[in-house]
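S.K.: To be precise about what I am sending: the file is called target.cif and holds mmCIF, C-alpha atoms.
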data_input
#
loop_
_atom_site.label_atom_id
_atom_site.label_comp_id
_atom_site.auth_asym_id
_atom_site.auth_seq_id
_atom_site.Cartn_x
_atom_site.Cartn_y
_atom_site.Cartn_z
CA MET A 595 -18.21 -53.68 47.09
CA SER A 596 -15.19 -54.31 49.26
CA ILE A 597 -14.91 -53.09 52.84
CA ILE A 598 -12.88 -49.91 53.28
CA LYS A 599 -9.89 -50.33 55.66
CA ALA A 600 -7.70 -47.91 57.61
CA THR A 601 -4.69 -48.67 55.40
CA ASP A 602 -6.47 -48.02 52.07
CA VAL A 603 -5.26 -45.11 49.97
CA PHE A 604 -8.15 -42.71 50.36
CA ALA A 605 -7.95 -41.26 46.85
CA GLU A 606 -8.50 -44.77 45.43
CA VAL A 607 -11.53 -45.31 47.66
CA ILE A 608 -13.08 -42.09 46.36
CA GLU A 609 -12.21 -42.83 42.75
CA SER A 610 -14.00 -46.16 42.94
CA ASN A 611 -17.18 -44.73 44.53
CA THR A 612 -18.04 -41.10 43.82
CA GLN A 613 -21.22 -41.45 45.90
CA LEU A 614 -18.87 -40.95 48.88
CA LEU A 615 -17.92 -37.39 47.85
CA PRO A 616 -20.68 -35.54 49.73
CA VAL A 617 -20.13 -37.89 52.69
CA ILE A 618 -16.50 -36.93 53.15
CA ASN A 619 -17.37 -33.24 52.86
CA ARG A 620 -19.58 -33.71 55.93
CA PHE A 621 -16.40 -34.65 57.78
CA ASN A 622 -14.68 -31.49 56.55
CA ILE A 623 -12.44 -33.45 54.21
CA SER A 624 -11.70 -31.82 50.87
CA LEU A 625 -10.09 -33.25 47.75
CA GLY A 626 -6.43 -32.86 46.91
CA LEU A 627 -5.94 -36.09 48.82
CA ASP A 628 -2.55 -37.11 47.42
CA ASN A 629 -1.60 -40.68 48.44
CA GLN A 630 -2.67 -40.47 52.08
CA THR A 631 -4.32 -43.48 53.71
CA VAL A 632 -7.70 -43.30 55.42
CA GLU A 633 -5.96 -43.39 58.79
CA GLU A 634 -3.62 -40.51 57.91
CA ILE A 635 -6.51 -38.37 56.73
CA CYS A 636 -8.42 -39.01 59.96
CA LYS A 637 -5.44 -37.94 62.06
CA LYS A 638 -4.96 -34.82 59.99
CA VAL A 639 -8.59 -33.67 60.17
CA ASP A 640 -9.02 -35.03 63.71
CA ILE A 641 -11.91 -37.43 63.26
CA ASN A 642 -12.58 -40.75 64.90
CA LEU A 643 -11.19 -43.42 62.54
CA ASN A 644 -13.62 -46.17 63.55
CA PHE A 645 -16.60 -43.94 63.17
CA PHE A 646 -15.40 -42.63 59.82
CA LEU A 647 -14.91 -46.17 58.54
CA ALA A 648 -18.32 -47.18 59.86
CA ILE A 649 -20.02 -44.39 57.94
CA LEU A 650 -18.03 -44.90 54.73
CA ASN A 651 -18.74 -48.60 54.76
CA THR A 652 -22.42 -48.01 55.36
CA TYR A 653 -22.56 -46.09 52.09
CA GLN A 654 -20.41 -48.70 50.42
CA ASN A 655 -22.16 -51.84 51.64
CA PRO A 656 -25.78 -52.04 52.85
CA ASN A 657 -25.11 -54.83 55.38
CA TYR A 658 -22.08 -53.35 57.05
CA PHE A 659 -23.57 -52.54 60.43
CA HIS A 660 -23.74 -56.15 61.50
CA LYS A 661 -19.99 -56.24 61.91
CA LEU A 662 -19.59 -53.11 63.94
CA ASN A 663 -18.94 -52.31 67.56
CA PRO A 664 -20.83 -49.24 68.81
CA ASN A 665 -18.42 -48.79 71.71
CA ASP A 666 -15.77 -47.55 69.29
CA TYR A 667 -17.23 -44.06 69.14
CA SER A 668 -19.60 -41.76 70.95
CA ILE A 669 -23.23 -41.14 70.19
CA LEU A 670 -22.60 -37.41 69.96
CA GLU A 671 -20.31 -38.05 67.00
CA VAL A 672 -23.16 -39.85 65.30
CA VAL A 673 -25.57 -37.01 66.05
CA ASN A 674 -23.09 -34.46 64.80
CA TYR A 675 -22.64 -36.34 61.54
CA LEU A 676 -26.40 -36.68 61.05
CA LYS A 677 -26.85 -32.94 61.57
CA LYS A 678 -24.28 -32.23 58.88
CA THR A 679 -26.11 -34.54 56.54
CA HIS A 680 -29.36 -32.71 57.28
CA ALA A 681 -27.70 -29.40 56.48
CA TYR A 682 -26.41 -30.84 53.21
CA TYR A 683 -29.96 -31.88 52.24
CA ILE A 684 -31.56 -28.59 53.19
CA ASN A 685 -28.89 -26.24 51.84
CA TYR A 686 -27.72 -28.11 48.80
CA ALA A 687 -29.45 -31.31 47.63
CA LEU A 688 -33.09 -30.17 47.86
CA PRO A 689 -32.53 -26.72 46.28
CA LYS A 690 -30.59 -28.39 43.47
CA LEU A 691 -33.45 -30.79 42.70
CA GLU A 692 -35.89 -27.91 42.82
CA LYS A 693 -33.80 -25.91 40.36
CA ILE A 694 -33.75 -28.77 37.85
CA LEU A 695 -37.52 -29.16 38.22
CA GLN A 696 -38.01 -25.47 37.46
CA THR A 697 -35.89 -25.86 34.33
CA LEU A 698 -37.96 -28.91 33.38
CA ASN A 699 -41.15 -26.91 33.83
CA VAL A 700 -39.90 -24.14 31.55
CA SER A 701 -38.66 -26.67 28.99
CA CYS A 702 -42.12 -27.97 28.04
CA GLN A 703 -42.92 -27.06 24.42
CA VAL A 704 -46.63 -27.25 25.05
CA HIS A 705 -48.43 -26.62 28.31
CA ASN A 706 -47.80 -29.69 30.42
CA GLY A 707 -50.01 -29.66 33.50
CA ALA A 708 -48.52 -32.93 34.65
CA VAL A 709 -45.04 -31.42 35.07
CA LYS A 710 -46.60 -28.63 37.16
CA LEU A 711 -48.26 -31.26 39.34
CA ILE A 712 -44.93 -33.04 39.72
CA HIS A 713 -43.46 -29.75 40.86
CA THR A 714 -46.22 -29.31 43.44
CA PHE A 715 -45.77 -32.91 44.58
CA TYR A 716 -42.05 -32.29 44.97
CA GLN A 717 -42.57 -29.10 46.96
CA LYS A 718 -44.94 -30.87 49.35
CA TYR A 719 -42.44 -33.68 49.70
CA LYS A 720 -39.69 -31.18 50.42
CA GLU A 721 -41.75 -29.44 53.10
CA GLU A 722 -42.53 -32.79 54.67
CA LEU A 723 -38.90 -33.87 54.66
CA ILE A 724 -37.74 -30.58 56.17
CA ALA A 725 -40.44 -30.83 58.87
CA HIS A 726 -39.28 -34.38 59.57
CA ILE A 727 -35.67 -33.21 59.85
CA GLU A 728 -36.55 -30.28 62.08
CA ASP A 729 -38.64 -32.49 64.32
CA GLU A 730 -35.79 -34.97 64.58
CA GLU A 731 -33.32 -32.25 65.52
CA SER A 732 -35.56 -30.45 67.97
CA ARG A 733 -37.02 -33.50 69.72
CA VAL A 734 -34.75 -36.49 69.21
CA PHE A 735 -31.29 -34.97 69.05
CA THR A 736 -31.92 -32.69 72.01
CA TYR A 737 -33.27 -35.69 73.92
CA ILE A 738 -30.06 -37.58 73.19
CA GLY A 739 -28.04 -34.54 74.30
CA ARG A 740 -29.95 -34.49 77.61
CA LEU A 741 -29.45 -38.24 78.10
CA VAL A 742 -25.72 -37.90 77.71
CA GLU A 743 -25.54 -34.82 79.90
CA THR A 744 -27.81 -35.79 82.79
CA GLN A 745 -27.26 -39.58 82.61
CA LYS A 746 -30.92 -40.01 83.53
CA LYS A 747 -33.84 -41.63 81.72
CA GLU A 748 -36.95 -39.56 81.06
CA SER A 749 -40.34 -40.93 81.96
CA ASP A 750 -42.30 -39.15 79.22
CA PHE A 751 -39.99 -39.72 76.25
CA SER A 752 -37.96 -42.64 74.92
CA ILE A 753 -36.42 -43.36 71.55
CA LEU A 754 -39.26 -45.80 70.82
CA THR A 755 -41.63 -42.87 70.24
CA PHE A 756 -39.53 -41.85 67.27
CA GLU A 757 -39.05 -45.18 65.50
CA LYS A 758 -41.12 -46.18 62.46
CA GLU A 759 -41.43 -42.74 60.85
CA HIS A 760 -39.02 -43.14 57.95
CA THR A 761 -40.96 -45.14 55.40
CA ASN A 762 -43.19 -42.25 54.38
CA VAL A 763 -40.39 -39.98 53.32
CA GLU A 764 -38.70 -42.64 51.19
CA GLU A 765 -41.96 -43.79 49.64
CA LYS A 766 -42.50 -40.40 48.05
CA ILE A 767 -39.13 -40.23 46.31
CA ASN A 768 -39.98 -43.53 44.73
CA ASP A 769 -43.43 -42.30 43.68
CA LEU A 770 -41.84 -39.22 42.15
CA LYS A 771 -39.59 -41.44 40.01
CA THR A 772 -42.46 -43.74 39.07
CA LEU A 773 -44.67 -40.83 38.02
CA ILE A 774 -42.03 -39.47 35.67
CA VAL A 775 -40.77 -42.78 34.32
CA ARG A 776 -44.17 -44.36 33.85
CA HIS A 777 -47.05 -41.95 33.93
CA ILE A 778 -46.60 -38.38 32.76
CA PRO A 779 -46.65 -37.28 29.12
CA PRO A 780 -43.04 -36.67 27.97
CA THR A 781 -43.49 -33.24 26.36
CA TYR A 782 -40.48 -31.80 28.17
CA ASN A 783 -36.77 -31.49 27.47
CA GLN A 784 -35.51 -35.05 27.89
CA ASN A 785 -32.00 -34.09 28.95
CA VAL A 786 -33.40 -32.03 31.80
CA ALA A 787 -35.74 -34.85 32.82
CA ASN A 788 -32.79 -37.26 32.78
CA ASP A 789 -30.77 -34.88 34.94
CA PHE A 790 -33.61 -34.75 37.41
CA LEU A 791 -34.04 -38.51 37.57
CA ILE A 792 -30.32 -39.14 37.94
CA GLU A 793 -30.02 -36.50 40.66
CA LEU A 794 -33.13 -37.85 42.36
CA SER A 795 -31.75 -41.40 42.36
CA ARG A 796 -28.52 -40.20 43.90
CA PHE A 797 -30.48 -38.33 46.54
CA GLU A 798 -32.66 -41.40 47.15
CA LYS A 799 -29.57 -43.53 47.76
CA ASP A 800 -28.04 -40.94 50.08
CA ILE A 801 -31.19 -40.52 52.11
CA SER A 802 -31.77 -44.25 52.43
CA ASP A 803 -28.20 -44.73 53.70
CA HIS A 804 -28.82 -41.85 56.08
CA ALA A 805 -32.00 -43.51 57.33
CA ARG A 806 -30.08 -46.74 57.77
CA ILE A 807 -27.50 -44.98 59.93
CA GLU A 808 -30.33 -43.64 62.10
CA ASP A 809 -32.21 -46.94 62.29
CA ASN A 810 -29.29 -49.35 62.68
CA LEU A 811 -26.75 -47.24 64.50
CA LEU A 812 -28.29 -44.28 66.28
CA ILE A 813 -31.39 -45.97 67.65
CA PRO A 814 -29.62 -49.10 68.98
CA MET A 815 -27.04 -46.83 70.64
CA VAL A 816 -29.76 -44.78 72.31
CA LYS A 817 -31.58 -47.94 73.42
CA HIS A 818 -28.33 -49.25 74.84
CA ILE A 819 -27.84 -46.01 76.81
CA GLU A 820 -31.46 -46.01 78.00
CA ASN A 821 -31.08 -49.55 79.28
CA THR A 822 -28.04 -48.67 81.36
CA LEU A 823 -29.65 -45.62 82.94
CA SER A 824 -32.36 -45.23 85.54
CA VAL A 825 -35.03 -42.54 85.86
CA MET B 912 -59.47 -44.01 26.46
CA LYS B 913 -62.18 -44.16 23.81
CA LYS B 914 -65.01 -46.62 23.48
CA ILE B 915 -67.80 -47.15 21.01
CA VAL B 916 -71.32 -47.95 22.08
CA ILE B 917 -74.15 -49.22 19.88
CA ILE B 918 -77.70 -48.92 21.19
CA HIS B 919 -80.06 -50.64 18.79
CA SER B 920 -82.95 -53.06 19.14
CA SER B 921 -81.85 -55.18 16.19
CA SER B 922 -79.15 -57.61 17.19
CA ILE B 923 -78.27 -58.26 13.55
CA ILE B 924 -77.55 -54.58 13.01
CA CYS B 925 -75.54 -54.45 16.23
CA ARG B 926 -73.45 -57.43 15.22
CA GLY B 927 -72.93 -56.16 11.68
CA LEU B 928 -71.86 -52.72 12.81
CA THR B 929 -69.57 -54.17 15.48
CA ASP B 930 -67.97 -56.27 12.78
CA VAL B 931 -67.44 -53.26 10.51
CA ILE B 932 -65.96 -51.14 13.31
CA LYS B 933 -63.64 -53.88 14.53
CA GLY B 934 -62.46 -54.35 10.94
CA TYR B 935 -61.20 -50.78 10.91
CA PHE B 936 -60.33 -49.85 14.49
CA ASN B 937 -58.75 -51.41 17.51
CA VAL B 938 -61.35 -50.14 19.97
CA ASP B 939 -63.79 -51.61 22.48
CA VAL B 940 -67.36 -51.88 21.21
CA PHE B 941 -70.27 -52.26 23.63
CA VAL B 942 -73.73 -53.27 22.43
CA PHE B 943 -77.03 -52.55 24.22
CA PRO B 944 -80.57 -53.34 23.09
CA SER B 945 -81.99 -50.32 24.93
CA VAL B 946 -81.05 -46.94 26.40
CA GLU B 947 -82.06 -48.14 29.90
CA GLU B 948 -79.56 -50.98 29.77
CA PHE B 949 -76.86 -48.65 28.51
CA ILE B 950 -77.43 -46.21 31.37
CA SER B 951 -77.50 -48.90 34.03
CA ARG B 952 -74.20 -50.39 32.80
CA LYS B 953 -72.18 -47.15 33.12
CA VAL B 954 -69.62 -47.68 30.37
CA ASP B 955 -66.54 -45.93 31.68
CA ALA B 956 -64.43 -44.00 29.16
CA ARG B 957 -62.91 -40.62 28.57
CA LYS B 958 -64.73 -40.39 25.29
CA LEU B 959 -67.76 -42.35 24.14
CA ILE B 960 -68.93 -42.57 20.57
CA VAL B 961 -72.54 -43.73 20.68
CA PHE B 962 -74.56 -45.02 17.74
CA THR B 963 -78.28 -45.13 18.40
CA GLU B 964 -81.52 -45.55 16.54
CA HIS B 965 -83.37 -43.36 19.03
CA ALA B 966 -84.23 -39.85 17.92
CA GLU B 967 -86.25 -38.34 20.81
CA ASN B 968 -84.53 -35.36 22.39
CA ILE B 969 -85.18 -36.54 25.91
CA ILE B 970 -83.57 -39.93 25.31
CA ILE B 971 -80.60 -38.38 23.57
CA SER B 972 -79.97 -36.06 26.49
CA GLN B 973 -80.17 -39.05 28.84
CA ILE B 974 -77.40 -40.71 26.85
CA ARG B 975 -75.40 -37.52 26.74
CA ASN B 976 -75.65 -36.92 30.47
CA GLN B 977 -74.73 -40.34 31.76
CA ASP B 978 -71.91 -39.72 34.18
CA ALA B 979 -69.19 -42.23 33.43
CA ALA B 980 -67.71 -40.51 30.36
CA LYS B 981 -66.26 -37.04 30.00
CA GLU B 982 -67.18 -36.57 26.37
CA VAL B 983 -70.05 -38.18 24.49
CA VAL B 984 -70.47 -38.05 20.73
CA ILE B 985 -73.83 -39.28 19.50
CA ILE B 986 -74.37 -40.52 16.00
CA GLN B 987 -77.87 -41.25 14.80
CA LEU B 988 -78.32 -44.57 13.08
CA HIS B 989 -81.38 -44.14 10.88
CA ASN B 990 -82.97 -46.31 8.25
CA LYS B 991 -83.59 -43.70 5.54
CA SER B 992 -81.64 -44.06 2.34
CA GLU B 993 -80.44 -40.44 2.40
CA SER B 994 -78.85 -38.45 5.17
CA ILE B 995 -81.19 -36.51 7.44
CA GLU B 996 -80.64 -33.44 9.60
CA ASN B 997 -81.31 -33.52 13.30
CA THR B 998 -79.65 -30.94 15.52
CA CYS B 999 -79.56 -32.98 18.71
CA PHE B 1000 -77.04 -35.38 17.15
CA ASP B 1001 -73.40 -34.78 16.48
CA SER B 1002 -73.76 -36.70 13.26
CA SER B 1003 -75.97 -39.22 11.54
CA ILE B 1004 -75.59 -42.14 9.19
CA SER B 1005 -77.90 -44.60 7.50
CA ILE B 1006 -77.85 -48.33 8.15
CA TRP B 1007 -77.71 -48.64 4.34
CA ALA B 1008 -74.38 -46.81 4.17
CA GLU B 1009 -71.18 -48.47 2.95
CA PRO B 1010 -68.63 -49.70 5.54
CA ALA B 1011 -66.22 -46.99 4.28
CA ASP B 1012 -68.80 -44.33 5.24
CA PHE B 1013 -68.76 -45.67 8.80
CA TYR B 1014 -64.99 -45.46 8.74
CA ASN B 1015 -65.21 -41.81 7.63
CA ILE B 1016 -67.59 -40.88 10.39
CA ILE B 1017 -65.74 -42.68 13.21
CA HIS B 1018 -62.16 -41.92 12.26
CA PRO B 1019 -62.22 -38.13 12.90
CA GLN B 1020 -63.82 -38.72 16.31
CA LEU B 1021 -61.15 -41.16 17.40
CA ALA B 1022 -58.40 -38.99 15.96
CA ALA B 1023 -59.81 -35.88 17.66
CA ALA B 1024 -59.58 -37.53 21.04
CA GLU B 1025 -55.99 -38.47 20.19
CA THR B 1026 -54.82 -34.91 19.60
CA HIS B 1027 -56.96 -33.25 22.26
CA SER B 1028 -55.28 -35.00 25.13
CA ASN B 1029 -51.74 -36.14 25.58
CA GLU B 1030 -53.18 -38.53 28.13
CA ILE B 1031 -51.45 -41.86 28.57
CA GLU B 1032 -53.83 -44.82 28.51
CA ASN B 1033 -54.90 -45.68 32.06
CA SER B 1034 -52.84 -48.61 33.27
CA ASN B 1035 -55.78 -51.00 33.11
CA LEU B 1036 -57.44 -49.91 36.33
CA THR B 1037 -60.89 -51.40 36.62
CA ILE B 1038 -63.92 -49.12 36.95
CA ARG B 1039 -64.16 -49.94 40.64
CA GLU B 1040 -60.47 -49.29 41.21
CA LYS B 1041 -60.90 -45.88 39.59
CA ASP B 1042 -63.86 -45.20 41.89
CA VAL B 1043 -61.70 -46.02 44.89
CA LEU B 1044 -58.74 -44.03 43.55
CA ARG B 1045 -61.00 -41.00 43.04
CA GLU B 1046 -62.05 -41.07 46.69
CA VAL B 1047 -58.53 -41.76 47.93
CA SER B 1048 -57.26 -38.72 46.09
CA THR B 1049 -59.88 -36.45 47.60
CA GLY B 1050 -58.56 -37.49 50.99
CA LEU B 1051 -61.20 -39.92 52.26
CA THR B 1052 -60.22 -42.63 54.71
CA ASN B 1053 -60.80 -46.32 53.97
CA LYS B 1054 -63.83 -46.29 56.25
CA GLU B 1055 -65.35 -43.27 54.50
CA ILE B 1056 -64.71 -44.78 51.08
CA ALA B 1057 -66.36 -48.05 52.14
CA GLU B 1058 -69.47 -46.18 53.28
CA LYS B 1059 -69.64 -43.98 50.21
CA LEU B 1060 -69.23 -46.83 47.71
CA HIS B 1061 -71.28 -49.33 49.75
CA ILE B 1062 -68.47 -51.87 49.98
CA SER B 1063 -66.60 -53.35 52.93
CA ILE B 1064 -63.39 -51.83 54.29
CA HIS B 1065 -61.74 -55.10 53.41
CA THR B 1066 -62.68 -54.60 49.75
CA VAL B 1067 -61.42 -51.01 49.82
CA ILE B 1068 -58.06 -52.19 51.15
CA SER B 1069 -57.79 -54.88 48.53
CA HIS B 1070 -58.62 -52.37 45.75
CA ARG B 1071 -55.96 -50.04 47.11
CA LYS B 1072 -53.38 -52.82 47.10
CA ASN B 1073 -54.18 -53.59 43.47
CA ILE B 1074 -54.05 -49.93 42.46
CA THR B 1075 -50.61 -49.54 44.03
CA ALA B 1076 -49.39 -52.74 42.41
CA LYS B 1077 -50.60 -51.66 38.96
CA LEU B 1078 -49.35 -48.08 39.11
CA GLY B 1079 -46.23 -48.51 41.25
CA ILE B 1080 -47.35 -45.55 43.39
CA LYS B 1081 -47.76 -45.86 47.16
CA SER B 1082 -48.27 -42.43 48.71
CA ILE B 1083 -51.68 -40.76 48.70
CA SER B 1084 -50.32 -37.59 47.13
CA GLY B 1085 -48.58 -39.63 44.43
CA LEU B 1086 -51.85 -41.40 43.67
CA THR B 1087 -53.57 -38.02 43.56
CA VAL B 1088 -51.13 -36.73 40.96
CA TYR B 1089 -51.87 -39.82 38.87
CA ALA B 1090 -55.62 -39.38 39.27
CA ILE B 1091 -55.47 -35.75 38.17
CA ILE B 1092 -53.26 -36.44 35.15
CA ASN B 1093 -55.62 -39.18 34.01
CA ASN B 1094 -58.79 -37.20 34.65
CA ILE B 1095 -60.02 -39.70 37.21
CA VAL B 1096 -60.69 -36.86 39.62
CA ASP B 1097 -62.50 -33.78 38.36
CA THR B 1098 -60.23 -30.78 38.85
CA ASN B 1099 -62.78 -28.24 37.63
CA SER B 1100 -64.41 -28.23 41.01
CA ILE B 1101 -61.27 -28.66 43.16
CA ASP B 1102 -57.91 -26.96 43.15
CA PRO B 1103 -55.41 -29.73 42.30
CA ASN B 1104 -52.72 -28.12 44.46
CA SER B 1105 -54.90 -28.45 47.53
CA LEU B 1106 -55.21 -32.21 46.98
CA ILE B 1107 -51.56 -33.18 46.62
#
Please lay out the structure from this file as structure tokens.

M.R.:
Amino acid sequence: MSIIKATDVFAEVIESNTQLLPVINRFNISLGLDNQTVEEICKKVDINLNFFLAILNTYQNPNYFHKLNPNDYSILEVVNYLKKTHAYYINYALPKLEKILQTLNVSCQVHNGAVKLIHTFYQKYKEELIAHIEDEESRVFTYIGRLVETQKKESDFSILTFEKEHTNVEEKINDLKTLIVRHIPPTYNQNVANDFLIELSRFEKDISDHARIEDNLLIPMVKHIENTLSV
Amino acid sequence: MKKIVIIHSSSIICRGLTDVIKGYFNVDVFVFPSVEEFISRKVDARKLIVFTEHAENIIISQIRNQDAAKEVVIIQLHNKSESIENTCFDSSISIWAEPADFYNIIHPQLAAAETHSNEIENSNLTIREKDVLREVSTGLTNKEIAEKLHISIHTVISHRKNITAKLGIKSISGLTVYAIINNIVDTNSIDPNSLI
């Protein structure tokens, strides 16, 4: 997909990629966009244009980060955005998936133990993801806050301790899809199962873009800051 | 998954019966000259339909209690011209019977397994892969699995790679869900929710 620019009419950007809808909500932008450009919207809602474009283009194009200059915005903006995304997962996306799964469970004409197992698997996944998010907020984000505030490195903690933890969480969404698509007996309401898979795929895309923002943007920025500071 | 086993000392009878069964059903048939060989081979299936000439209670219970199959149906293969009653068998049939009689005795058994479980056929995991999957899903580490199954860690890892490639599932809890659905792990003795 094409790169989103400051002069683009924002309504057209959204019309061509609805996956961006929850993303713009995290920036406190609502619909009713009229013909305003991306730049005009940013001024109106008071958000950093470069950062907004960086995030939008990350969702639009998986390789976008290579072209981007991290000096254009502050790391606290990144952290703030990531926190909003976390809140969106915990308060909206995960409960929604859970609700569809409950409907799926009830929809089985005959007892389907496999759907119950899927539900259990999902709940464990959810707990794990929430624990991961909470850990990230309580350890990593507060660490970044301290770095910015004190301008000093810490001897017992660096961003390296937190790398390499993402694969697990993504692996399970994929397993969840595989189990339903390939392995469990289909004695459930198919429309509900479709809803679940479609919603799950959307969530999978969102969370993988989110992980990419953390891995390719947040972590390099923290490393950059760590390298410029002394203990 | 259902399999048919023939345990008979006459290879002509084994071959003839195999031929008859394969003419009617698309099912794996395994032939053994003796009960000992059958037990040592561990034919792995959810349901086994066993034809045997042996009639001693103790031998029949040996066949019934072999551990690789969940359900074992034993059909006596006798050489009398009429049907005979023996309570330790699920059924019996004479070697002089017509092929259609064999069809009539096998068909309900295969069909019963069909309706009893809405199980999807295991995605061609080998017996050894299932052994490894069973241990993985009960939470053992590679090292523990290697010790328990008397194989090297290297072999365990290679089995696990193949399992993941065949099933498309990577996480341990995902594999556990698969193992429970396909009865690879016995959930009578363990709470499935504690495994996932």

S.K.: Between A:His818, A:Lys746, A:Arg796, A:His705, which one has atoms that come closest to chain B, using only C-alpha atoms?

M.R.: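 Among the listed residues, A:His705 lies closest to chain B.
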
S.K.: Using all atoms listed in the file, determine which residues of chain B fall within 8 Å of chain A; present them as a list in words.

M.R.: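 Within 8 Å of chain A on chain B, we get Asn1029, Glu1030, Ile1031, Gly1079, Ile1080, Lys1081, Ser1082, Ser1084, Gly1085, Val1088, Tyr1089, Ile1092, Pro1103, Asn1104 and Ile1107 of chain B.
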
S.K.: Taking the file above as input, evaluate the PyMOL selection byres ((chain B and resi 1063-1076) around 12) and report the hits as an MDAnalysis selection string.

M.R.: (chainID A and resid 765 769 772) or (chainID B and resid 1033:1048 1051:1062 1077:1083 1085:1087 1089:1090)

S.K.: Would you translate the PyMOL selection byres ((chain A and resi 613-624) around 10) into the concrete set of residues it matches in this file, as a ChimeraX atom specification?

M.R.: /A:607-612,625-627,635-636,638-641,646,649-651,653-654,674-682,687,796-797,799-800

S.K.: Between CA of Met912 (chain B) and CA of Leu698 (chain A), what is the distance, to one decimal in Å?

M.R.: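 Separation of CA of Met912 (chain B) and CA of Leu698 (chain A): 27.2 Å.
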
S.K.: Written as a VMD selection string, what is the full residue list that the PyMOL selection byres ((chain B and resi 968) around 12) yields on the file shown?

M.R.: chain B and resid 965 to 967 969 to 975 985 987 997 to 1000

S.K.: Quick one: residues within 12 Å of Ala956 (chain B), only C-alpha atoms, excluding same-chain residues fewer than 4 positions away - as JSON, numbers by chain?

M.R.: {"B": [912, 913, 914, 915, 916, 938, 939, 940, 941, 960, 961, 977, 978, 979, 980, 981, 982, 983, 984, 1024, 1032, 1033, 1035, 1036, 1037, 1038, 1041, 1093, 1094, 1095]}

S.K.: Find the spatial neighbours of Val700 (chain A), counting all atoms listed in the file, within a cut-off of 9 Å - ignore same-chain residues fewer than 3 positions away - and output them as a PyMOL selection string.

M.R.: chain A and resi 695-697+703+782-783

S.K.: Let's have the selection written as a PDB file, in the coordinates of the input, with C-alpha atoms.

M.R.:
ATOM      1  CA  LEU A 695     -37.520 -29.160  38.220  1.00  0.00           C
ATOM      2  CA  GLN A 696     -38.010 -25.470  37.460  1.00  0.00           C
ATOM      3  CA  THR A 697     -35.890 -25.860  34.330  1.00  0.00           C
ATOM      4  CA  GLN A 703     -42.920 -27.060  24.420  1.00  0.00           C
ATOM      5  CA  TYR A 782     -40.480 -31.800  28.170  1.00  0.00           C
ATOM      6  CA  ASN A 783     -36.770 -31.490  27.470  1.00  0.00           C
TER       7      ASN A 783
END

S.K.: Report, in Å with one decimal, the straight-line distance from CA of Leu670 (chain A) to CA of Glu606 (chain A).

M.R.: 29.2 Å

S.K.: Measuring atom to atom with all atoms listed in the file, identify which of A:Lys637, A:Lys693, A:Lys720, A:Arg806 is nearest to Ala787 (chain A).

M.R.: A:Lys693

S.K.: Neighbours of region 932-935 of chain B within 10 Å (all atoms listed in the file; same-chain residues fewer than 5 positions away dropped), as a VMD selection string?

M.R.: chain B and resid 915 926 to 927 940 1010 to 1011 1013 to 1014 1017 to 1018

S.K.: Go ahead and save the picked residues with C-alpha atoms, as a short mmCIF file (atom, residue, chain, number, x, y, z; two decimals), keeping the file's coordinate frame.

M.R.:
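File written: selection-v7.cif
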data_model
loop_
_atom_site.label_atom_id
_atom_site.label_comp_id
_atom_site.auth_asym_id
_atom_site.auth_seq_id
_atom_site.Cartn_x
_atom_site.Cartn_y
_atom_site.Cartn_z
CA ILE B 915 -67.80 -47.15 21.01
CA ARG B 926 -73.45 -57.43 15.22
CA GLY B 927 -72.93 -56.16 11.68
CA VAL B 940 -67.36 -51.88 21.21
CA PRO B 1010 -68.63 -49.70 5.54
CA ALA B 1011 -66.22 -46.99 4.28
CA PHE B 1013 -68.76 -45.67 8.80
CA TYR B 1014 -64.99 -45.46 8.74
CA ILE B 1017 -65.74 -42.68 13.21
CA HIS B 1018 -62.16 -41.92 12.26
#

S.K.: Report, in Å with one decimal, the straight-line distance from CA of Thr1098 (chain B) to CA of Cys702 (chain A).

M.R.: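 These atoms are spaced 21.3 Å apart.
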
S.K.: Identify which of the residues A:Glu798, A:Asp602, A:Glu634, A:Glu808 lies closest to Val673 (chain A), counting only C-alpha atoms when measuring atom-to-atom distances.

M.R.: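 Selected residue with least distance to Val673 (chain A): A:Glu808.
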
S.K.: Of the candidates A:Asn821, A:Asn785, A:Ala725, A:Ile597, which shows the shortest atom-to-atom distance to Thr652 (chain A), using all atoms listed in the file?

M.R.: A:Ile597

S.K.: Taking (-81.2, -48.5, 29.8) in the file's own coordinates, collect the residues within 12 Å, counting all atoms listed in the file, and hand them back as a ChimeraX atom specification.

M.R.: /B:918-920,942-954,970-971,973-974,977

S.K.: Mind writing the picked residues with C-alpha atoms as a compact mmCIF listing (two decimals), in the coordinates of the input?

M.R.:
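See again04.txt below for the written result:
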# COMPACT_ATOMS: atom_id res chain seq x y z
CA ILE B 918 -77.70 -48.92 21.19
CA HIS B 919 -80.06 -50.64 18.79
CA SER B 920 -82.95 -53.06 19.14
CA VAL B 942 -73.73 -53.27 22.43
CA PHE B 943 -77.03 -52.55 24.22
CA PRO B 944 -80.57 -53.34 23.09
CA SER B 945 -81.99 -50.32 24.93
CA VAL B 946 -81.05 -46.94 26.40
CA GLU B 947 -82.06 -48.14 29.90
CA GLU B 948 -79.56 -50.98 29.77
CA PHE B 949 -76.86 -48.65 28.51
CA ILE B 950 -77.43 -46.21 31.37
CA SER B 951 -77.50 -48.90 34.03
CA ARG B 952 -74.20 -50.39 32.80
CA LYS B 953 -72.18 -47.15 33.12
CA VAL B 954 -69.62 -47.68 30.37
CA ILE B 970 -83.57 -39.93 25.31
CA ILE B 971 -80.60 -38.38 23.57
CA GLN B 973 -80.17 -39.05 28.84
CA ILE B 974 -77.40 -40.71 26.85
CA GLN B 977 -74.73 -40.34 31.76
